[in-house]
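**Student:** Input start_30.cif, format and content: mmCIF, N, CA and C atoms.
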```cif
data_final
loop_
_atom_site.label_atom_id
_atom_site.label_comp_id
_atom_site.auth_asym_id
_atom_site.auth_seq_id
_atom_site.Cartn_x
_atom_site.Cartn_y
_atom_site.Cartn_z
N MET I 1 68.68 16.55 -40.71
CA MET I 1 68.60 15.11 -40.74
C MET I 1 69.75 14.48 -39.96
N LYS I 2 70.97 15.02 -40.14
CA LYS I 2 72.12 14.47 -39.41
C LYS I 2 71.91 14.59 -37.91
N GLY I 3 71.33 15.72 -37.47
CA GLY I 3 71.07 15.93 -36.05
C GLY I 3 70.11 14.90 -35.49
N ALA I 4 69.08 14.55 -36.26
CA ALA I 4 68.10 13.56 -35.81
C ALA I 4 68.73 12.18 -35.71
N VAL I 5 69.59 11.83 -36.66
CA VAL I 5 70.27 10.53 -36.63
C VAL I 5 71.22 10.48 -35.44
N PHE I 6 71.97 11.56 -35.21
CA PHE I 6 72.88 11.61 -34.07
C PHE I 6 72.12 11.47 -32.76
N PHE I 7 71.00 12.21 -32.62
CA PHE I 7 70.19 12.15 -31.42
C PHE I 7 69.67 10.73 -31.19
N PHE I 8 69.18 10.09 -32.25
CA PHE I 8 68.67 8.72 -32.13
C PHE I 8 69.77 7.77 -31.68
N MET I 9 70.96 7.89 -32.25
CA MET I 9 72.08 7.01 -31.87
C MET I 9 72.48 7.26 -30.41
N LEU I 10 72.52 8.53 -30.01
CA LEU I 10 72.84 8.86 -28.63
C LEU I 10 71.80 8.29 -27.67
N LEU I 11 70.55 8.41 -28.04
CA LEU I 11 69.47 7.87 -27.23
C LEU I 11 69.56 6.35 -27.14
N LEU I 12 69.88 5.71 -28.23
CA LEU I 12 70.02 4.25 -28.25
C LEU I 12 71.14 3.80 -27.32
N VAL I 13 72.27 4.50 -27.35
CA VAL I 13 73.39 4.17 -26.47
C VAL I 13 72.99 4.37 -25.01
N ALA I 14 72.34 5.46 -24.71
CA ALA I 14 71.93 5.75 -23.32
C ALA I 14 70.94 4.71 -22.83
N CYS I 15 70.03 4.28 -23.67
CA CYS I 15 69.00 3.33 -23.26
C CYS I 15 69.55 1.94 -23.03
N THR I 16 70.63 1.62 -23.70
CA THR I 16 71.16 0.26 -23.58
C THR I 16 72.36 0.17 -22.65
N SER I 17 72.75 1.28 -22.02
CA SER I 17 73.95 1.25 -21.19
C SER I 17 73.70 0.85 -19.75
N VAL I 18 72.45 0.76 -19.30
CA VAL I 18 72.16 0.38 -17.92
C VAL I 18 72.20 -1.14 -17.83
N PRO I 19 73.09 -1.71 -17.01
CA PRO I 19 73.17 -3.16 -16.90
C PRO I 19 71.98 -3.72 -16.14
N PRO I 20 71.65 -5.01 -16.38
CA PRO I 20 70.61 -5.61 -15.56
C PRO I 20 71.07 -5.62 -14.11
N LEU I 21 70.19 -5.30 -13.21
CA LEU I 21 70.56 -5.17 -11.81
C LEU I 21 70.19 -6.45 -11.07
N GLN I 22 71.18 -7.14 -10.58
CA GLN I 22 70.96 -8.37 -9.84
C GLN I 22 71.41 -8.14 -8.41
N THR I 23 70.70 -8.72 -7.48
CA THR I 23 71.11 -8.61 -6.09
C THR I 23 71.77 -9.90 -5.66
N SER I 24 72.87 -9.78 -4.94
CA SER I 24 73.52 -10.97 -4.41
C SER I 24 73.35 -11.04 -2.90
N VAL I 25 72.54 -10.15 -2.35
CA VAL I 25 72.28 -10.17 -0.92
C VAL I 25 71.02 -10.99 -0.67
N SER I 26 71.15 -12.17 -0.27
CA SER I 26 70.11 -13.10 0.14
C SER I 26 69.24 -13.65 -0.98
N SER I 27 68.44 -12.86 -1.67
CA SER I 27 67.44 -13.45 -2.54
C SER I 27 67.98 -13.90 -3.88
N GLY I 28 68.95 -13.18 -4.45
CA GLY I 28 69.48 -13.54 -5.74
C GLY I 28 68.55 -13.21 -6.89
N SER I 29 67.44 -12.54 -6.63
CA SER I 29 66.49 -12.24 -7.69
C SER I 29 66.70 -10.84 -8.23
N SER I 30 66.19 -10.60 -9.41
CA SER I 30 66.30 -9.29 -10.02
C SER I 30 65.41 -8.30 -9.28
N VAL I 31 65.89 -7.09 -9.09
CA VAL I 31 65.10 -6.07 -8.42
C VAL I 31 64.76 -4.93 -9.36
N ALA I 32 65.20 -5.00 -10.60
CA ALA I 32 64.97 -3.90 -11.53
C ALA I 32 63.80 -4.20 -12.44
N PRO I 33 63.16 -3.14 -12.93
CA PRO I 33 62.17 -3.35 -13.97
C PRO I 33 62.87 -4.02 -15.15
N SER I 34 62.14 -4.76 -15.90
CA SER I 34 62.71 -5.46 -17.04
C SER I 34 63.33 -4.50 -18.03
N ASP I 35 64.45 -4.92 -18.64
CA ASP I 35 65.05 -4.11 -19.68
C ASP I 35 64.11 -3.97 -20.87
N SER I 36 63.13 -4.85 -20.97
CA SER I 36 62.15 -4.73 -22.05
C SER I 36 61.37 -3.43 -21.91
N CYS I 37 61.34 -2.88 -20.71
CA CYS I 37 60.72 -1.57 -20.49
C CYS I 37 61.39 -0.53 -21.39
N LEU I 38 62.71 -0.53 -21.41
CA LEU I 38 63.43 0.42 -22.27
C LEU I 38 63.21 0.11 -23.74
N GLU I 39 63.15 -1.17 -24.07
CA GLU I 39 62.93 -1.54 -25.46
C GLU I 39 61.54 -1.14 -25.94
N ALA I 40 60.57 -1.19 -25.06
CA ALA I 40 59.19 -0.88 -25.44
C ALA I 40 58.90 0.61 -25.40
N ALA I 41 59.71 1.38 -24.69
CA ALA I 41 59.46 2.81 -24.55
C ALA I 41 59.61 3.49 -25.91
N VAL I 42 58.67 4.35 -26.22
CA VAL I 42 58.67 5.05 -27.50
C VAL I 42 58.93 6.54 -27.30
N THR I 43 58.26 7.12 -26.34
CA THR I 43 58.40 8.56 -26.12
C THR I 43 59.49 8.84 -25.09
N THR I 44 59.92 10.07 -25.06
CA THR I 44 60.92 10.49 -24.06
C THR I 44 60.37 10.30 -22.66
N VAL I 45 59.11 10.61 -22.47
CA VAL I 45 58.49 10.45 -21.15
C VAL I 45 58.53 8.98 -20.74
N GLU I 46 58.19 8.07 -21.65
CA GLU I 46 58.22 6.64 -21.33
C GLU I 46 59.64 6.17 -21.01
N MET I 47 60.60 6.64 -21.78
CA MET I 47 62.00 6.27 -21.53
C MET I 47 62.46 6.77 -20.17
N ASN I 48 62.11 8.01 -19.84
CA ASN I 48 62.50 8.57 -18.55
C ASN I 48 61.81 7.84 -17.39
N GLN I 49 60.54 7.46 -17.57
CA GLN I 49 59.83 6.71 -16.53
C GLN I 49 60.50 5.35 -16.30
N CYS I 50 60.86 4.70 -17.37
CA CYS I 50 61.53 3.41 -17.26
C CYS I 50 62.90 3.57 -16.59
N ALA I 51 63.66 4.55 -17.03
CA ALA I 51 64.98 4.79 -16.44
C ALA I 51 64.86 5.15 -14.96
N ALA I 52 63.81 5.89 -14.61
CA ALA I 52 63.59 6.23 -13.20
C ALA I 52 63.32 4.97 -12.38
N GLY I 53 62.57 4.03 -12.93
CA GLY I 53 62.32 2.76 -12.25
C GLY I 53 63.59 1.96 -12.05
N ILE I 54 64.43 1.94 -13.06
CA ILE I 54 65.70 1.23 -12.97
C ILE I 54 66.61 1.90 -11.94
N ALA I 55 66.66 3.23 -11.94
CA ALA I 55 67.48 3.95 -10.96
C ALA I 55 66.97 3.70 -9.55
N LYS I 56 65.66 3.70 -9.36
CA LYS I 56 65.07 3.44 -8.04
C LYS I 56 65.42 2.03 -7.56
N ALA I 57 65.32 1.06 -8.46
CA ALA I 57 65.66 -0.33 -8.10
C ALA I 57 67.12 -0.45 -7.71
N ALA I 58 68.00 0.25 -8.42
CA ALA I 58 69.43 0.22 -8.09
C ALA I 58 69.67 0.84 -6.72
N GLU I 59 68.95 1.92 -6.43
CA GLU I 59 69.07 2.58 -5.13
C GLU I 59 68.60 1.66 -4.00
N VAL I 60 67.50 0.97 -4.22
CA VAL I 60 66.98 0.02 -3.23
C VAL I 60 67.99 -1.09 -2.99
N ARG I 61 68.57 -1.60 -4.06
CA ARG I 61 69.57 -2.67 -3.92
C ARG I 61 70.79 -2.17 -3.14
N MET I 62 71.26 -0.97 -3.47
CA MET I 62 72.42 -0.43 -2.77
C MET I 62 72.11 -0.22 -1.29
N ASP I 63 70.94 0.31 -0.98
CA ASP I 63 70.54 0.51 0.42
C ASP I 63 70.50 -0.81 1.17
N ARG I 64 70.00 -1.85 0.53
CA ARG I 64 69.94 -3.18 1.14
C ARG I 64 71.35 -3.69 1.42
N SER I 65 72.26 -3.52 0.48
CA SER I 65 73.65 -3.95 0.66
C SER I 65 74.31 -3.18 1.78
N TYR I 66 74.06 -1.88 1.85
CA TYR I 66 74.63 -1.04 2.90
C TYR I 66 74.14 -1.49 4.27
N ARG I 67 72.83 -1.68 4.41
CA ARG I 67 72.28 -2.13 5.70
C ARG I 67 72.84 -3.50 6.10
N GLU I 68 73.03 -4.36 5.14
CA GLU I 68 73.57 -5.69 5.43
C GLU I 68 74.99 -5.59 5.98
N VAL I 69 75.83 -4.78 5.38
CA VAL I 69 77.20 -4.60 5.88
C VAL I 69 77.17 -3.99 7.28
N MET I 70 76.30 -3.01 7.49
CA MET I 70 76.23 -2.34 8.80
C MET I 70 75.94 -3.33 9.93
N ARG I 71 75.24 -4.41 9.64
CA ARG I 71 74.92 -5.41 10.67
C ARG I 71 76.17 -6.05 11.26
N TYR I 72 77.27 -6.04 10.53
CA TYR I 72 78.48 -6.75 10.94
C TYR I 72 79.54 -5.83 11.55
N LEU I 73 79.26 -4.55 11.66
CA LEU I 73 80.29 -3.60 12.06
C LEU I 73 80.16 -3.18 13.52
N GLU I 74 81.31 -2.93 14.10
CA GLU I 74 81.40 -2.34 15.42
C GLU I 74 81.05 -0.86 15.30
N PRO I 75 80.70 -0.18 16.41
CA PRO I 75 80.30 1.24 16.33
C PRO I 75 81.29 2.14 15.60
N ASP I 76 82.60 2.00 15.87
CA ASP I 76 83.57 2.86 15.18
C ASP I 76 83.64 2.55 13.69
N GLU I 77 83.47 1.29 13.33
CA GLU I 77 83.45 0.92 11.91
C GLU I 77 82.20 1.46 11.21
N LYS I 78 81.08 1.46 11.94
CA LYS I 78 79.85 2.02 11.38
C LYS I 78 80.03 3.49 11.05
N GLU I 79 80.70 4.23 11.94
CA GLU I 79 80.96 5.65 11.69
C GLU I 79 81.80 5.83 10.44
N GLU I 80 82.80 4.95 10.26
CA GLU I 80 83.66 5.03 9.08
C GLU I 80 82.87 4.75 7.80
N LEU I 81 82.01 3.73 7.84
CA LEU I 81 81.21 3.42 6.65
C LEU I 81 80.22 4.53 6.37
N GLU I 82 79.61 5.10 7.41
CA GLU I 82 78.69 6.22 7.21
C GLU I 82 79.39 7.39 6.55
N ALA I 83 80.61 7.71 7.00
CA ALA I 83 81.39 8.81 6.40
C ALA I 83 81.73 8.47 4.95
N SER I 84 82.10 7.23 4.72
CA SER I 84 82.41 6.79 3.37
C SER I 84 81.20 6.91 2.45
N GLN I 85 80.04 6.51 2.95
CA GLN I 85 78.82 6.57 2.15
C GLN I 85 78.43 8.01 1.85
N ARG I 86 78.57 8.89 2.83
CA ARG I 86 78.27 10.31 2.59
C ARG I 86 79.19 10.89 1.51
N ALA I 87 80.47 10.54 1.59
CA ALA I 87 81.42 11.02 0.58
C ALA I 87 81.09 10.44 -0.79
N TRP I 88 80.74 9.17 -0.82
CA TRP I 88 80.37 8.53 -2.09
C TRP I 88 79.12 9.20 -2.67
N GLU I 89 78.13 9.48 -1.83
CA GLU I 89 76.90 10.12 -2.31
C GLU I 89 77.19 11.52 -2.86
N ALA I 90 78.11 12.26 -2.24
CA ALA I 90 78.49 13.57 -2.75
C ALA I 90 79.16 13.43 -4.12
N PHE I 91 80.05 12.44 -4.24
CA PHE I 91 80.68 12.17 -5.53
C PHE I 91 79.64 11.83 -6.58
N ARG I 92 78.72 10.93 -6.25
CA ARG I 92 77.70 10.50 -7.21
C ARG I 92 76.85 11.70 -7.66
N LYS I 93 76.47 12.53 -6.72
CA LYS I 93 75.65 13.70 -7.06
C LYS I 93 76.39 14.60 -8.05
N ALA I 94 77.66 14.89 -7.78
CA ALA I 94 78.44 15.76 -8.65
C ALA I 94 78.71 15.10 -10.00
N ASP I 95 79.07 13.84 -9.98
CA ASP I 95 79.39 13.13 -11.22
C ASP I 95 78.16 13.04 -12.13
N CYS I 96 77.04 12.67 -11.56
CA CYS I 96 75.83 12.52 -12.36
C CYS I 96 75.27 13.86 -12.81
N ALA I 97 75.51 14.92 -12.03
CA ALA I 97 75.11 16.26 -12.47
C ALA I 97 75.88 16.61 -13.74
N PHE I 98 77.15 16.23 -13.78
CA PHE I 98 77.95 16.47 -14.98
C PHE I 98 77.40 15.66 -16.16
N TRP I 99 77.19 14.37 -15.98
CA TRP I 99 76.73 13.51 -17.07
C TRP I 99 75.30 13.84 -17.48
N GLY I 100 74.50 14.34 -16.56
CA GLY I 100 73.12 14.70 -16.89
C GLY I 100 72.96 16.13 -17.35
N GLY I 101 74.05 16.87 -17.34
CA GLY I 101 73.99 18.27 -17.77
C GLY I 101 73.92 18.40 -19.27
N GLY I 102 73.89 19.60 -19.73
CA GLY I 102 73.89 19.83 -21.16
C GLY I 102 72.52 20.09 -21.74
N GLY I 103 71.49 19.84 -20.97
CA GLY I 103 70.14 20.13 -21.44
C GLY I 103 69.67 19.16 -22.50
N GLY I 104 68.56 19.50 -23.07
CA GLY I 104 67.97 18.65 -24.10
C GLY I 104 67.15 17.53 -23.50
N SER I 105 66.43 16.85 -24.35
CA SER I 105 65.53 15.80 -23.87
C SER I 105 66.27 14.57 -23.36
N ILE I 106 67.54 14.41 -23.70
CA ILE I 106 68.31 13.25 -23.25
C ILE I 106 68.92 13.47 -21.86
N ALA I 107 68.92 14.69 -21.36
CA ALA I 107 69.59 15.00 -20.09
C ALA I 107 69.05 14.18 -18.93
N THR I 108 67.74 14.05 -18.83
CA THR I 108 67.15 13.27 -17.73
C THR I 108 67.56 11.82 -17.84
N MET I 109 67.54 11.29 -19.04
CA MET I 109 67.93 9.90 -19.26
C MET I 109 69.40 9.69 -18.87
N ASN I 110 70.26 10.63 -19.24
CA ASN I 110 71.67 10.52 -18.88
C ASN I 110 71.86 10.56 -17.36
N LEU I 111 71.14 11.45 -16.70
CA LEU I 111 71.22 11.56 -15.24
C LEU I 111 70.77 10.26 -14.58
N LEU I 112 69.62 9.74 -14.98
CA LEU I 112 69.08 8.53 -14.38
C LEU I 112 69.97 7.31 -14.65
N THR I 113 70.52 7.24 -15.85
CA THR I 113 71.42 6.14 -16.19
C THR I 113 72.67 6.19 -15.31
N CYS I 114 73.21 7.39 -15.12
CA CYS I 114 74.37 7.56 -14.25
C CYS I 114 74.05 7.13 -12.82
N LEU I 115 72.93 7.60 -12.29
CA LEU I 115 72.54 7.24 -10.92
C LEU I 115 72.40 5.73 -10.77
N ALA I 116 71.76 5.09 -11.74
CA ALA I 116 71.56 3.64 -11.68
C ALA I 116 72.89 2.90 -11.75
N ASN I 117 73.74 3.29 -12.69
CA ASN I 117 75.02 2.59 -12.84
C ASN I 117 75.90 2.72 -11.61
N LEU I 118 75.99 3.93 -11.05
CA LEU I 118 76.84 4.10 -9.87
C LEU I 118 76.27 3.39 -8.65
N ALA I 119 74.96 3.42 -8.47
CA ALA I 119 74.35 2.69 -7.34
C ALA I 119 74.58 1.19 -7.49
N HIS I 120 74.46 0.70 -8.71
CA HIS I 120 74.70 -0.72 -8.97
C HIS I 120 76.14 -1.10 -8.61
N GLU I 121 77.09 -0.28 -9.02
CA GLU I 121 78.49 -0.56 -8.73
C GLU I 121 78.78 -0.45 -7.23
N ARG I 122 78.19 0.51 -6.55
CA ARG I 122 78.39 0.64 -5.10
C ARG I 122 77.82 -0.57 -4.38
N ALA I 123 76.67 -1.06 -4.81
CA ALA I 123 76.08 -2.25 -4.20
C ALA I 123 77.02 -3.45 -4.38
N LYS I 124 77.59 -3.60 -5.56
CA LYS I 124 78.54 -4.70 -5.78
C LYS I 124 79.74 -4.57 -4.86
N GLU I 125 80.22 -3.33 -4.69
CA GLU I 125 81.35 -3.08 -3.80
C GLU I 125 80.99 -3.45 -2.36
N LEU I 126 79.84 -3.02 -1.89
CA LEU I 126 79.41 -3.35 -0.54
C LEU I 126 79.18 -4.85 -0.36
N ASP I 127 78.66 -5.49 -1.39
CA ASP I 127 78.42 -6.94 -1.31
C ASP I 127 79.71 -7.73 -1.18
N SER I 128 80.83 -7.15 -1.60
CA SER I 128 82.11 -7.87 -1.54
C SER I 128 82.80 -7.73 -0.19
N TRP I 129 82.21 -6.99 0.75
CA TRP I 129 82.80 -6.83 2.07
C TRP I 129 82.47 -8.03 2.94
N PRO I 130 83.37 -8.53 3.77
CA PRO I 130 84.76 -8.12 3.94
C PRO I 130 85.63 -8.69 2.82
N PRO I 131 86.71 -8.01 2.50
CA PRO I 131 87.51 -8.41 1.34
C PRO I 131 88.29 -9.71 1.51
N ASN I 132 88.62 -10.09 2.74
CA ASN I 132 89.50 -11.24 2.93
C ASN I 132 88.86 -12.45 3.59
N VAL I 133 87.59 -12.33 3.95
CA VAL I 133 86.92 -13.40 4.69
C VAL I 133 85.50 -13.53 4.18
N PRO I 134 85.01 -14.74 4.01
CA PRO I 134 83.58 -14.85 3.66
C PRO I 134 82.73 -14.26 4.78
N ARG I 135 81.69 -13.56 4.43
CA ARG I 135 80.83 -12.92 5.43
C ARG I 135 80.26 -13.95 6.40
N ASP I 136 80.02 -15.15 5.91
CA ASP I 136 79.48 -16.20 6.78
C ASP I 136 80.44 -16.57 7.90
N ALA I 137 81.72 -16.27 7.73
CA ALA I 137 82.72 -16.63 8.74
C ALA I 137 82.68 -15.70 9.94
N ILE I 138 82.02 -14.57 9.81
CA ILE I 138 81.90 -13.65 10.93
C ILE I 138 80.42 -13.50 11.25
N GLY I 139 80.12 -13.15 12.45
CA GLY I 139 78.72 -13.02 12.84
C GLY I 139 78.32 -11.57 12.94
N PRO I 140 77.01 -11.31 12.83
CA PRO I 140 76.53 -9.94 13.02
C PRO I 140 76.88 -9.44 14.41
N VAL I 141 77.11 -8.15 14.51
CA VAL I 141 77.38 -7.52 15.81
C VAL I 141 76.03 -7.23 16.45
N GLU I 142 75.87 -7.68 17.66
CA GLU I 142 74.58 -7.50 18.35
C GLU I 142 74.60 -6.26 19.19
#
```
If you took the structure in this file and wrote it as structure tokens, what would it be?
**Tutor:**
Amino acid sequence: MKGAVFFFMLLLVACTSVPPLQTSVSSGSSVAPSDSCLEAAVTTVEMNQCAAGIAKAAEVRMDRSYREVMRYLEPDEKEELEASQRAWEAFRKADCAFWGGGGGSIATMNLLTCLANLAHERAKELDSWPPNVPRDAIGPVE
């Protein structure tokens, strides 16, 4: 009985730890499936499907932010950002493998939650570029 209660509490924490994903690049609209998806999910399969949708939406948002920054960079700066992104992706893969490890039915949920959270944070980081000047003050590189 204690194991079932612990599992339920762990599942509840994992399901509620993914923040709502908002995009600040142009549209300002939500790109993630509704959090009500997680609230309505009953089975592990439903929870994992919902978490996969949230992770996918976070990835799409991050990719959009990355492409937007790339529009403003000179060729040498693009190479630096590409190297940075590759290193970040390697970190994310290793970090989420750790958080998603351990087996059990919660492992997939932990992995997907990690992927979504880190992609969301990377998108916010990319959206804040350049750090000292509003993006509108500089023009895209043609």
**Student:** Quick one: residues within 10 Å of Thr44 (chain I), only C-alpha atoms counted, chain neighbours fewer than 3 positions away excluded, as a compact mmCIF listing (two decimals) with N, CA and C atoms, keeping the file's coordinate frame?
**Tutor:**
```txt
# COMPACT_ATOMS: atom_id res chain seq x y z
N LEU I 11 70.55 8.41 -28.04
CA LEU I 11 69.47 7.87 -27.23
C LEU I 11 69.56 6.35 -27.14
N ALA I 41 59.71 1.38 -24.69
CA ALA I 41 59.46 2.81 -24.55
C ALA I 41 59.61 3.49 -25.91
N MET I 47 60.60 6.64 -21.78
CA MET I 47 62.00 6.27 -21.53
C MET I 47 62.46 6.77 -20.17
N ASN I 48 62.11 8.01 -19.84
CA ASN I 48 62.50 8.57 -18.55
C ASN I 48 61.81 7.84 -17.39
N GLN I 49 60.54 7.46 -17.57
CA GLN I 49 59.83 6.71 -16.53
C GLN I 49 60.50 5.35 -16.30
N CYS I 50 60.86 4.70 -17.37
CA CYS I 50 61.53 3.41 -17.26
C CYS I 50 62.90 3.57 -16.59
N SER I 105 66.43 16.85 -24.35
CA SER I 105 65.53 15.80 -23.87
C SER I 105 66.27 14.57 -23.36
N ILE I 106 67.54 14.41 -23.70
CA ILE I 106 68.31 13.25 -23.25
C ILE I 106 68.92 13.47 -21.86
N THR I 108 67.74 14.05 -18.83
CA THR I 108 67.15 13.27 -17.73
C THR I 108 67.56 11.82 -17.84
N MET I 109 67.54 11.29 -19.04
CA MET I 109 67.93 9.90 -19.26
C MET I 109 69.40 9.69 -18.87
```
**Student:** Work out how far apart CA of Trp88 (chain I) and CA of Val69 (chain I) are and give it in Å to one decimal.
**Tutor:**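 A separation of 15.7 Å between them.
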**Student:** For Val60 (chain I), which residue out of I:Lys78, I:Arg92, I:Gln85, I:Ala123 is the nearest one, using only C-alpha atoms?
**Tutor:**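 Closest to Val60 (chain I) of all the choices is I:Ala123.
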**Student:** For Arg122 (chain I), please output as a PyMOL selection string all residues within 12 Å (counting only C-alpha atoms; exclusion window: fewer than 2 positions along the same chain).
**Tutor:** chain I and resi 21+23+58-66+84-85+88-89+91-92+115-120+124-129
**Student:** When DSSP works through the backbone of this structure, what residues of region 39-109 of chain I end up as helix (DSSP H, G or I), shown as a PyMOL selection string?
**Tutor:** chain I and resi 39-40+44-70+75-100+107-109
**Student:** To one decimal place in Å, what is the distance between CA of Asp95 (chain I) and atom C of Val45 (chain I)?
**Tutor:**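 Between CA of Asp95 (chain I) and atom C of Val45 (chain I) the gap is 23.3 Å.
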**Student:** In Å, how far is it from CA of Ala40 (chain I) to CA of Gly104 (chain I)?
**Tutor:**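 These two atoms are separated by 21.5 Å.
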**Student:** Would you compute the box with edges along x, y and z of the file around region 69-85 of chain I, including every atom the file lists for it and 4 Å extra on each side, and give its centre and edge lengths in Å to one decimal, as AutoDock Vina command-line options?
**Tutor:**
```
--center_x 79.3 --center_y 1.0 --center_z 9.1 --size_x 16.7 --size_y 23.6 --size_z 22.6
```
**Student:** Counting only C-alpha atoms, which residue out of I:Ala87, I:Leu73, I:Ala51, I:Cys37 sits closest to Ala107 (chain I)?
**Tutor:**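 Result for the nearest residue to Ala107 (chain I): I:Ala51.
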